[in-house]
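Comments concern the structure below.
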Amino acid sequence: MTTQEILQAAKAAKGAFAAADTETRNRALEEMADALLADREAILAANALDLEAAQGSISTVMQDRLRLTDARLEEMAAGVREVAALPDPVGRVLARVERPNGLVIEKTAVPMGVVAIIYESRPNVTSDAAALAVKSGNACVLRVGKEAWRSADAITRAMRRGLAAAGLPEDGVALVQDTTRASSRELMEAVGLVDLLIPRGGAGLIKACVEQAKVPCIQTGTGICHVYVDKAADPDMALDILENAKTSRPSVCNAAEVCLVDKAIAAEFLPRMKQRLVDDRAAAGLPPVELRLDEAAAAIIPGTPAGPDDFDTEFLDYILAVRVVDGVQQAVAHIARHSTGHSEAIVTGDEAAANAFVTGVDSAAVYVNASTRFTDGGVFGLGCEMGISTQKLHARGPMGLAELCSYKYVIHGNGQVR
């Protein structure tokens with residue numbers, strides 16, 4: 001099918017999803033989860049082909065984003081079931097007011113309609129997006145990058161079979177067949193067919209969608225995430241948080257890309273940071289972190305001098321930009337200039353410094369003494385997520401079921417006229 005045919009079919013199907021009751025949508029999700037596991041061999045075989053084709057064209061870190069395993073497939077199915085277990089957002093009365101003339105006005109959650117998602121090389125987004133769309137009464141059209149197309153196609157086929165088993169139209173979950181840029185432009189310009197567009201990927205993709213989309217578009221998470229180590233930080237806690245935020249999975253958007261260190265502790269902390277992130281990891285056979293240092297940090301420890309763009313780069317790799325700052329206010333000012341509004345953390349034992357950081361930093365998620373890696377729909381109790389919104393209108397932070405609903409006013413009367 002062409003992209004236009006897929007969109008037309010999704011539009012035709014969206015009414016069935018909006019009208020389906022909670023039990024039907026939950027049954028569909030359970031069937032979809034069962035189908036993912038039933039098609040385990042086909043999905044993993046397709047993923048193996050994607051990984052084979054990716055050799056030499058994407059980094060090993062990015063290959064980890066692409067890779068599916070038995071365990072990851074089990075997690076995907078479990079995520080779909082977790083969404084099924086969440087409260088139904090559709091029909092929820094968000095606000096109710098009774099007017100003096102007897103009218104009762106209810107602000108009521110309703111599905112968006114057709115949600116289009118453009119994403120890159122993470123096959124698990126396919127099942128996450130479909131699960132959230134179905135639970136919230138939406139049809140969804142998925143457009144994945146060519147690196148992950150075989151994997152996404154196998155996953156989508158399984159989920160469509162699950163929909164059919166529950167009596168819902170298969171076209172409510174569809175994968176775009178065209179992996180050229182033309183299909184992305186078609187989704188961006190699909191006025192009357194796409195009710196909401198969500199780009200989930202790198203800075204270039206998100207910038208293109210925000211600037212070119214003619215349909216409603218939510219800006220999601222390029223993650224230039226910061227960890228600020230305050231002068232009142234517990235150094236052991238700071239090292240634990242920093243290593244987790246940078247190295248636990250560097251290819252994801254909630255990984256730390258920048259470390260800011262208070263100058264009052266820089267001479268003591270930076271050598272310990274280098275030992276932990278570089279020397280100890282290399283000795284243990286783990287990828288060491290390349291430290292890109294500003295002048296003040298470079299005067300204390302060896303590393304790569306920071307270039308002009310290093311504090312504005314989402315590395316998605318074992319690379320960390322490091323700057324020495326003069327206290328919490330300079331840290332906040334640096335973040336204001338360089339952050340993408342995703343996730344930032346302060347490590348401190350000083351409540352006043354923590355409050356100044358939380359108040360001053362204008363990002364979707366702000367942490368005190370915890371890793372930025374927790375910015376995730378599953379961790380936040382949303383089951384999974386469509387992405388991390390870094391804008392402020394309609395949705396901010398991990399996007400779950402509530403963010404895939406709009407609302408309408410339902411007014412109950414008994415003959416009132418105006």
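Chain labels A, B, ... are given in the sequence in which chains occur in the structure tokens; within each chain residues are numbered consecutively from 1, and ligands are likewise numbered from 1 in the order shown.
Within the 7 Å cut-off around Leu66 in chain A, using only C-alpha atoms and omitting residues fewer than 2 positions from it on the same chain, the listed residues are Met62, Gln63, Asp64, Leu68, Ser121, Arg122, Pro123 and Ala148 of chain A.
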Checklist outcome for this item: Counting only C-alpha atoms, the residue among A:Ile335, A:Ala131, A:Ala282, A:Ala154 that lies closest to Ala77 in chain A is A:Ala131
Checklist outcome for this item: Between A:Asp362, A:Ala35, A:Pro235, A:Thr375, smallest distance to Thr156 in chain A by only C-alpha atoms belongs to A:Ala35
Write out as a PDB file with N, CA, C and O atoms, in the first residue's frame all residues of range 100-234 of chain A that DSSP puts in strand (DSSP E or B) for this structure's backbone.
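Saved to result10.pdb:
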```pdb
ATOM      1  N   VAL A 104     -25.287  21.415  32.848  1.00  0.00           N
ATOM      2  CA  VAL A 104     -24.136  20.710  33.418  1.00  0.00           C
ATOM      3  C   VAL A 104     -23.111  20.529  32.300  1.00  0.00           C
ATOM      4  O   VAL A 104     -23.390  19.900  31.276  1.00  0.00           O
ATOM      5  N   ILE A 105     -21.934  21.109  32.487  1.00  0.00           N
ATOM      6  CA  ILE A 105     -20.894  21.116  31.459  1.00  0.00           C
ATOM      7  C   ILE A 105     -19.754  20.220  31.923  1.00  0.00           C
ATOM      8  O   ILE A 105     -19.171  20.441  32.990  1.00  0.00           O
ATOM      9  N   GLU A 106     -19.466  19.194  31.113  1.00  0.00           N
ATOM     10  CA  GLU A 106     -18.402  18.249  31.443  1.00  0.00           C
ATOM     11  C   GLU A 106     -17.312  18.287  30.374  1.00  0.00           C
ATOM     12  O   GLU A 106     -17.587  18.106  29.185  1.00  0.00           O
ATOM     13  N   LYS A 107     -16.103  18.556  30.810  1.00  0.00           N
ATOM     14  CA  LYS A 107     -14.934  18.514  29.935  1.00  0.00           C
ATOM     15  C   LYS A 107     -14.459  17.056  29.897  1.00  0.00           C
ATOM     16  O   LYS A 107     -14.011  16.518  30.909  1.00  0.00           O
ATOM     17  N   THR A 108     -14.570  16.411  28.743  1.00  0.00           N
ATOM     18  CA  THR A 108     -14.453  14.952  28.651  1.00  0.00           C
ATOM     19  C   THR A 108     -13.327  14.554  27.711  1.00  0.00           C
ATOM     20  O   THR A 108     -13.230  15.063  26.584  1.00  0.00           O
ATOM     21  N   ALA A 109     -12.482  13.620  28.154  1.00  0.00           N
ATOM     22  CA  ALA A 109     -11.353  13.160  27.341  1.00  0.00           C
ATOM     23  C   ALA A 109     -11.842  12.310  26.177  1.00  0.00           C
ATOM     24  O   ALA A 109     -12.685  11.421  26.344  1.00  0.00           O
ATOM     25  N   VAL A 110     -11.285  12.576  24.981  1.00  0.00           N
ATOM     26  CA  VAL A 110     -11.624  11.830  23.772  1.00  0.00           C
ATOM     27  C   VAL A 110     -10.332  11.523  23.010  1.00  0.00           C
ATOM     28  O   VAL A 110      -9.333  12.219  23.160  1.00  0.00           O
ATOM     29  N   PRO A 111     -10.330  10.475  22.181  1.00  0.00           N
ATOM     30  CA  PRO A 111      -9.127  10.157  21.405  1.00  0.00           C
ATOM     31  C   PRO A 111      -8.766  11.272  20.425  1.00  0.00           C
ATOM     32  O   PRO A 111      -9.626  12.025  19.964  1.00  0.00           O
ATOM     33  N   VAL A 114      -6.191   9.854  14.429  1.00  0.00           N
ATOM     34  CA  VAL A 114      -5.064   9.148  13.807  1.00  0.00           C
ATOM     35  C   VAL A 114      -3.781   9.805  14.286  1.00  0.00           C
ATOM     36  O   VAL A 114      -3.554  10.999  14.062  1.00  0.00           O
ATOM     37  N   VAL A 115      -2.952   9.026  14.966  1.00  0.00           N
ATOM     38  CA  VAL A 115      -1.667   9.507  15.460  1.00  0.00           C
ATOM     39  C   VAL A 115      -0.575   8.911  14.584  1.00  0.00           C
ATOM     40  O   VAL A 115      -0.495   7.684  14.427  1.00  0.00           O
ATOM     41  N   ALA A 116       0.261   9.762  14.008  1.00  0.00           N
ATOM     42  CA  ALA A 116       1.394   9.302  13.192  1.00  0.00           C
ATOM     43  C   ALA A 116       2.675   9.472  13.988  1.00  0.00           C
ATOM     44  O   ALA A 116       2.873  10.501  14.646  1.00  0.00           O
ATOM     45  N   ILE A 117       3.524   8.455  13.951  1.00  0.00           N
ATOM     46  CA  ILE A 117       4.786   8.484  14.682  1.00  0.00           C
ATOM     47  C   ILE A 117       5.919   8.232  13.713  1.00  0.00           C
ATOM     48  O   ILE A 117       5.930   7.216  13.011  1.00  0.00           O
ATOM     49  N   ILE A 118       6.857   9.164  13.639  1.00  0.00           N
ATOM     50  CA  ILE A 118       8.070   8.986  12.837  1.00  0.00           C
ATOM     51  C   ILE A 118       9.211   8.720  13.801  1.00  0.00           C
ATOM     52  O   ILE A 118       9.495   9.535  14.678  1.00  0.00           O
ATOM     53  N   TYR A 119       9.855   7.563  13.666  1.00  0.00           N
ATOM     54  CA  TYR A 119      10.940   7.220  14.584  1.00  0.00           C
ATOM     55  C   TYR A 119      12.051   6.549  13.792  1.00  0.00           C
ATOM     56  O   TYR A 119      11.907   6.282  12.596  1.00  0.00           O
ATOM     57  N   ALA A 139      -6.198   5.305  16.202  1.00  0.00           N
ATOM     58  CA  ALA A 139      -5.466   4.554  15.182  1.00  0.00           C
ATOM     59  C   ALA A 139      -4.066   5.146  15.091  1.00  0.00           C
ATOM     60  O   ALA A 139      -3.860   6.330  15.394  1.00  0.00           O
ATOM     61  N   CYS A 140      -3.089   4.333  14.695  1.00  0.00           N
ATOM     62  CA  CYS A 140      -1.733   4.884  14.569  1.00  0.00           C
ATOM     63  C   CYS A 140      -1.086   4.422  13.277  1.00  0.00           C
ATOM     64  O   CYS A 140      -1.299   3.294  12.815  1.00  0.00           O
ATOM     65  N   VAL A 141      -0.309   5.321  12.704  1.00  0.00           N
ATOM     66  CA  VAL A 141       0.473   5.049  11.504  1.00  0.00           C
ATOM     67  C   VAL A 141       1.935   5.227  11.885  1.00  0.00           C
ATOM     68  O   VAL A 141       2.342   6.291  12.360  1.00  0.00           O
ATOM     69  N   LEU A 142       2.724   4.185  11.699  1.00  0.00           N
ATOM     70  CA  LEU A 142       4.108   4.144  12.123  1.00  0.00           C
ATOM     71  C   LEU A 142       5.031   4.308  10.918  1.00  0.00           C
ATOM     72  O   LEU A 142       4.825   3.674   9.886  1.00  0.00           O
ATOM     73  N   ARG A 143       6.032   5.146  11.084  1.00  0.00           N
ATOM     74  CA  ARG A 143       7.027   5.308  10.016  1.00  0.00           C
ATOM     75  C   ARG A 143       8.406   5.168  10.654  1.00  0.00           C
ATOM     76  O   ARG A 143       8.841   6.054  11.403  1.00  0.00           O
ATOM     77  N   VAL A 173      -3.514  -0.116  13.141  1.00  0.00           N
ATOM     78  CA  VAL A 173      -2.065  -0.096  13.379  1.00  0.00           C
ATOM     79  C   VAL A 173      -1.403  -0.434  12.052  1.00  0.00           C
ATOM     80  O   VAL A 173      -1.585  -1.535  11.528  1.00  0.00           O
ATOM     81  N   ALA A 174      -0.653   0.491  11.489  1.00  0.00           N
ATOM     82  CA  ALA A 174      -0.079   0.282  10.157  1.00  0.00           C
ATOM     83  C   ALA A 174       1.330   0.845  10.091  1.00  0.00           C
ATOM     84  O   ALA A 174       1.636   1.865  10.726  1.00  0.00           O
ATOM     85  N   LEU A 175       2.168   0.168   9.324  1.00  0.00           N
ATOM     86  CA  LEU A 175       3.542   0.603   9.113  1.00  0.00           C
ATOM     87  C   LEU A 175       3.705   1.108   7.693  1.00  0.00           C
ATOM     88  O   LEU A 175       3.363   0.419   6.729  1.00  0.00           O
ATOM     89  N   LEU A 196      -2.439  14.039  14.810  1.00  0.00           N
ATOM     90  CA  LEU A 196      -1.292  14.394  15.645  1.00  0.00           C
ATOM     91  C   LEU A 196      -0.068  13.677  15.100  1.00  0.00           C
ATOM     92  O   LEU A 196      -0.111  12.478  14.833  1.00  0.00           O
ATOM     93  N   LEU A 197       1.033  14.424  14.943  1.00  0.00           N
ATOM     94  CA  LEU A 197       2.305  13.862  14.473  1.00  0.00           C
ATOM     95  C   LEU A 197       3.315  13.930  15.612  1.00  0.00           C
ATOM     96  O   LEU A 197       3.496  14.985  16.232  1.00  0.00           O
ATOM     97  N   ILE A 198       3.962  12.801  15.880  1.00  0.00           N
ATOM     98  CA  ILE A 198       4.975  12.744  16.934  1.00  0.00           C
ATOM     99  C   ILE A 198       6.281  12.256  16.330  1.00  0.00           C
ATOM    100  O   ILE A 198       6.378  11.086  15.940  1.00  0.00           O
ATOM    101  N   PRO A 199       7.292  13.118  16.193  1.00  0.00           N
ATOM    102  CA  PRO A 199       8.609  12.649  15.755  1.00  0.00           C
ATOM    103  C   PRO A 199       9.407  12.166  16.957  1.00  0.00           C
ATOM    104  O   PRO A 199       9.421  12.799  18.010  1.00  0.00           O
ATOM    105  N   ARG A 200      10.071  11.044  16.802  1.00  0.00           N
ATOM    106  CA  ARG A 200      10.860  10.493  17.913  1.00  0.00           C
ATOM    107  C   ARG A 200      12.193  10.047  17.348  1.00  0.00           C
ATOM    108  O   ARG A 200      12.294   8.998  16.717  1.00  0.00           O
ATOM    109  N   CYS A 217       1.924  18.975  15.555  1.00  0.00           N
ATOM    110  CA  CYS A 217       3.159  18.239  15.793  1.00  0.00           C
ATOM    111  C   CYS A 217       3.665  18.529  17.205  1.00  0.00           C
ATOM    112  O   CYS A 217       3.655  19.686  17.645  1.00  0.00           O
ATOM    113  N   THR A 220       9.562  16.468  20.425  1.00  0.00           N
ATOM    114  CA  THR A 220      10.037  15.498  21.406  1.00  0.00           C
ATOM    115  C   THR A 220      11.537  15.564  21.545  1.00  0.00           C
ATOM    116  O   THR A 220      12.220  16.293  20.843  1.00  0.00           O
ATOM    117  N   CYS A 225      21.235  16.319  28.233  1.00  0.00           N
ATOM    118  CA  CYS A 225      20.914  16.269  29.659  1.00  0.00           C
ATOM    119  C   CYS A 225      22.169  16.569  30.485  1.00  0.00           C
ATOM    120  O   CYS A 225      23.266  16.132  30.149  1.00  0.00           O
ATOM    121  N   HIS A 226      21.965  17.302  31.583  1.00  0.00           N
ATOM    122  CA  HIS A 226      23.070  17.760  32.420  1.00  0.00           C
ATOM    123  C   HIS A 226      23.018  17.129  33.810  1.00  0.00           C
ATOM    124  O   HIS A 226      21.928  16.943  34.367  1.00  0.00           O
ATOM    125  N   VAL A 227      24.187  16.861  34.363  1.00  0.00           N
ATOM    126  CA  VAL A 227      24.323  16.536  35.786  1.00  0.00           C
ATOM    127  C   VAL A 227      25.237  17.589  36.401  1.00  0.00           C
ATOM    128  O   VAL A 227      26.385  17.757  35.965  1.00  0.00           O
ATOM    129  N   TYR A 228      24.700  18.320  37.386  1.00  0.00           N
ATOM    130  CA  TYR A 228      25.491  19.337  38.084  1.00  0.00           C
ATOM    131  C   TYR A 228      25.898  18.794  39.448  1.00  0.00           C
ATOM    132  O   TYR A 228      25.051  18.422  40.258  1.00  0.00           O
ATOM    133  N   VAL A 229      27.209  18.756  39.694  1.00  0.00           N
ATOM    134  CA  VAL A 229      27.744  18.300  40.971  1.00  0.00           C
ATOM    135  C   VAL A 229      28.048  19.538  41.807  1.00  0.00           C
ATOM    136  O   VAL A 229      29.014  20.266  41.542  1.00  0.00           O
TER     137      VAL A 229
END
```
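In this model, the gap between CA of Ala213 in chain A and CA of Met188 in chain A comes to 4.3 Å.
When only C-alpha atoms are used to measure the gap to Asn47 in chain A, the shortest distance among A:Ser389, A:Thr22, A:Ser151, A:Ser406 belongs to A:Ser151.
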Every residue of range 186-409 of chain A that DSSP places in alpha helix (DSSP H), as a PDB file with C-alpha atoms, in the first residue's frame:
```pdb
ATOM      1  CA  GLU A 186       3.618  12.915   3.317  1.00  0.00           C
ATOM      2  CA  LEU A 187       2.903  12.419   7.006  1.00  0.00           C
ATOM      3  CA  MET A 188       3.921  15.996   7.813  1.00  0.00           C
ATOM      4  CA  ALA A 203      17.706  16.526  16.301  1.00  0.00           C
ATOM      5  CA  GLY A 204      17.512  16.620  12.493  1.00  0.00           C
ATOM      6  CA  LEU A 205      14.260  14.648  12.358  1.00  0.00           C
ATOM      7  CA  ILE A 206      12.615  16.671  15.101  1.00  0.00           C
ATOM      8  CA  LYS A 207      13.716  19.987  13.574  1.00  0.00           C
ATOM      9  CA  ALA A 208      12.366  18.963  10.159  1.00  0.00           C
ATOM     10  CA  CYS A 209       8.981  17.971  11.601  1.00  0.00           C
ATOM     11  CA  VAL A 210       8.592  21.071  13.749  1.00  0.00           C
ATOM     12  CA  GLU A 211       9.525  23.389  10.881  1.00  0.00           C
ATOM     13  CA  GLN A 212       7.764  21.627   7.988  1.00  0.00           C
ATOM     14  CA  PRO A 235      31.127  12.658  46.025  1.00  0.00           C
ATOM     15  CA  ASP A 236      30.406   8.926  46.080  1.00  0.00           C
ATOM     16  CA  MET A 237      26.731   9.553  45.299  1.00  0.00           C
ATOM     17  CA  ALA A 238      27.714  11.967  42.541  1.00  0.00           C
ATOM     18  CA  LEU A 239      30.013   9.395  40.930  1.00  0.00           C
ATOM     19  CA  ASP A 240      27.336   6.694  41.097  1.00  0.00           C
ATOM     20  CA  ILE A 241      24.738   8.986  39.541  1.00  0.00           C
ATOM     21  CA  LEU A 242      27.091  10.298  36.880  1.00  0.00           C
ATOM     22  CA  GLU A 243      28.307   6.873  35.801  1.00  0.00           C
ATOM     23  CA  ASN A 244      24.745   5.576  35.593  1.00  0.00           C
ATOM     24  CA  ALA A 245      23.487   8.633  33.727  1.00  0.00           C
ATOM     25  CA  LYS A 246      26.313   8.453  31.179  1.00  0.00           C
ATOM     26  CA  THR A 247      27.130   4.784  30.719  1.00  0.00           C
ATOM     27  CA  ALA A 266      36.650  20.573  41.126  1.00  0.00           C
ATOM     28  CA  ALA A 267      40.259  19.870  42.181  1.00  0.00           C
ATOM     29  CA  GLU A 268      39.117  16.956  44.352  1.00  0.00           C
ATOM     30  CA  PHE A 269      36.184  15.669  42.319  1.00  0.00           C
ATOM     31  CA  LEU A 270      37.463  15.724  38.742  1.00  0.00           C
ATOM     32  CA  PRO A 271      40.397  13.308  39.314  1.00  0.00           C
ATOM     33  CA  ARG A 272      37.982  10.867  40.986  1.00  0.00           C
ATOM     34  CA  MET A 273      35.567  11.291  38.069  1.00  0.00           C
ATOM     35  CA  LYS A 274      38.306  10.502  35.551  1.00  0.00           C
ATOM     36  CA  ASP A 280      38.443   1.980  36.114  1.00  0.00           C
ATOM     37  CA  ARG A 281      36.165   1.215  33.179  1.00  0.00           C
ATOM     38  CA  ALA A 282      39.092   0.568  30.846  1.00  0.00           C
ATOM     39  CA  ALA A 283      40.703  -1.724  33.439  1.00  0.00           C
ATOM     40  CA  GLU A 295      39.830  25.106  30.090  1.00  0.00           C
ATOM     41  CA  ALA A 296      39.278  24.991  33.840  1.00  0.00           C
ATOM     42  CA  ALA A 297      38.679  21.229  33.851  1.00  0.00           C
ATOM     43  CA  ALA A 298      41.603  20.624  31.474  1.00  0.00           C
ATOM     44  CA  VAL A 328      24.475  26.757  41.262  1.00  0.00           C
ATOM     45  CA  GLN A 329      23.443  29.969  39.532  1.00  0.00           C
ATOM     46  CA  GLN A 330      26.134  29.626  36.876  1.00  0.00           C
ATOM     47  CA  ALA A 331      25.103  25.994  36.419  1.00  0.00           C
ATOM     48  CA  VAL A 332      21.497  27.099  35.902  1.00  0.00           C
ATOM     49  CA  ALA A 333      22.632  29.776  33.435  1.00  0.00           C
ATOM     50  CA  HIS A 334      24.698  27.241  31.467  1.00  0.00           C
ATOM     51  CA  ILE A 335      21.743  24.868  31.270  1.00  0.00           C
ATOM     52  CA  ALA A 336      19.473  27.691  30.104  1.00  0.00           C
ATOM     53  CA  ARG A 337      21.849  28.360  27.185  1.00  0.00           C
ATOM     54  CA  HIS A 338      22.583  24.778  26.157  1.00  0.00           C
ATOM     55  CA  GLU A 351      18.481  22.092  50.333  1.00  0.00           C
ATOM     56  CA  ALA A 352      18.822  25.753  49.330  1.00  0.00           C
ATOM     57  CA  ALA A 353      20.995  24.810  46.342  1.00  0.00           C
ATOM     58  CA  ALA A 354      18.528  22.079  45.354  1.00  0.00           C
ATOM     59  CA  ASN A 355      15.611  24.531  45.532  1.00  0.00           C
ATOM     60  CA  ALA A 356      17.494  27.123  43.475  1.00  0.00           C
ATOM     61  CA  PHE A 357      18.248  24.496  40.831  1.00  0.00           C
ATOM     62  CA  VAL A 358      14.689  23.150  40.682  1.00  0.00           C
ATOM     63  CA  THR A 359      13.263  26.675  40.489  1.00  0.00           C
ATOM     64  CA  GLY A 360      15.765  27.959  37.950  1.00  0.00           C
TER      65      GLY A 360
END
```
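Among A:Thr69, A:Gln55, A:Asn138, A:Ser343, the residue with the shortest atom-to-atom distance to Arg373 in chain A, counting only C-alpha atoms, is A:Ser343.
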Next on the checklist: I want to know what sits within 8 Å of Glu120 in chain A, based on only C-alpha atoms, with residues of the same chain fewer than 5 positions away left out; could you give that as an NGL selection string?
Outcome noted: :A and (144-148 or 200-201)
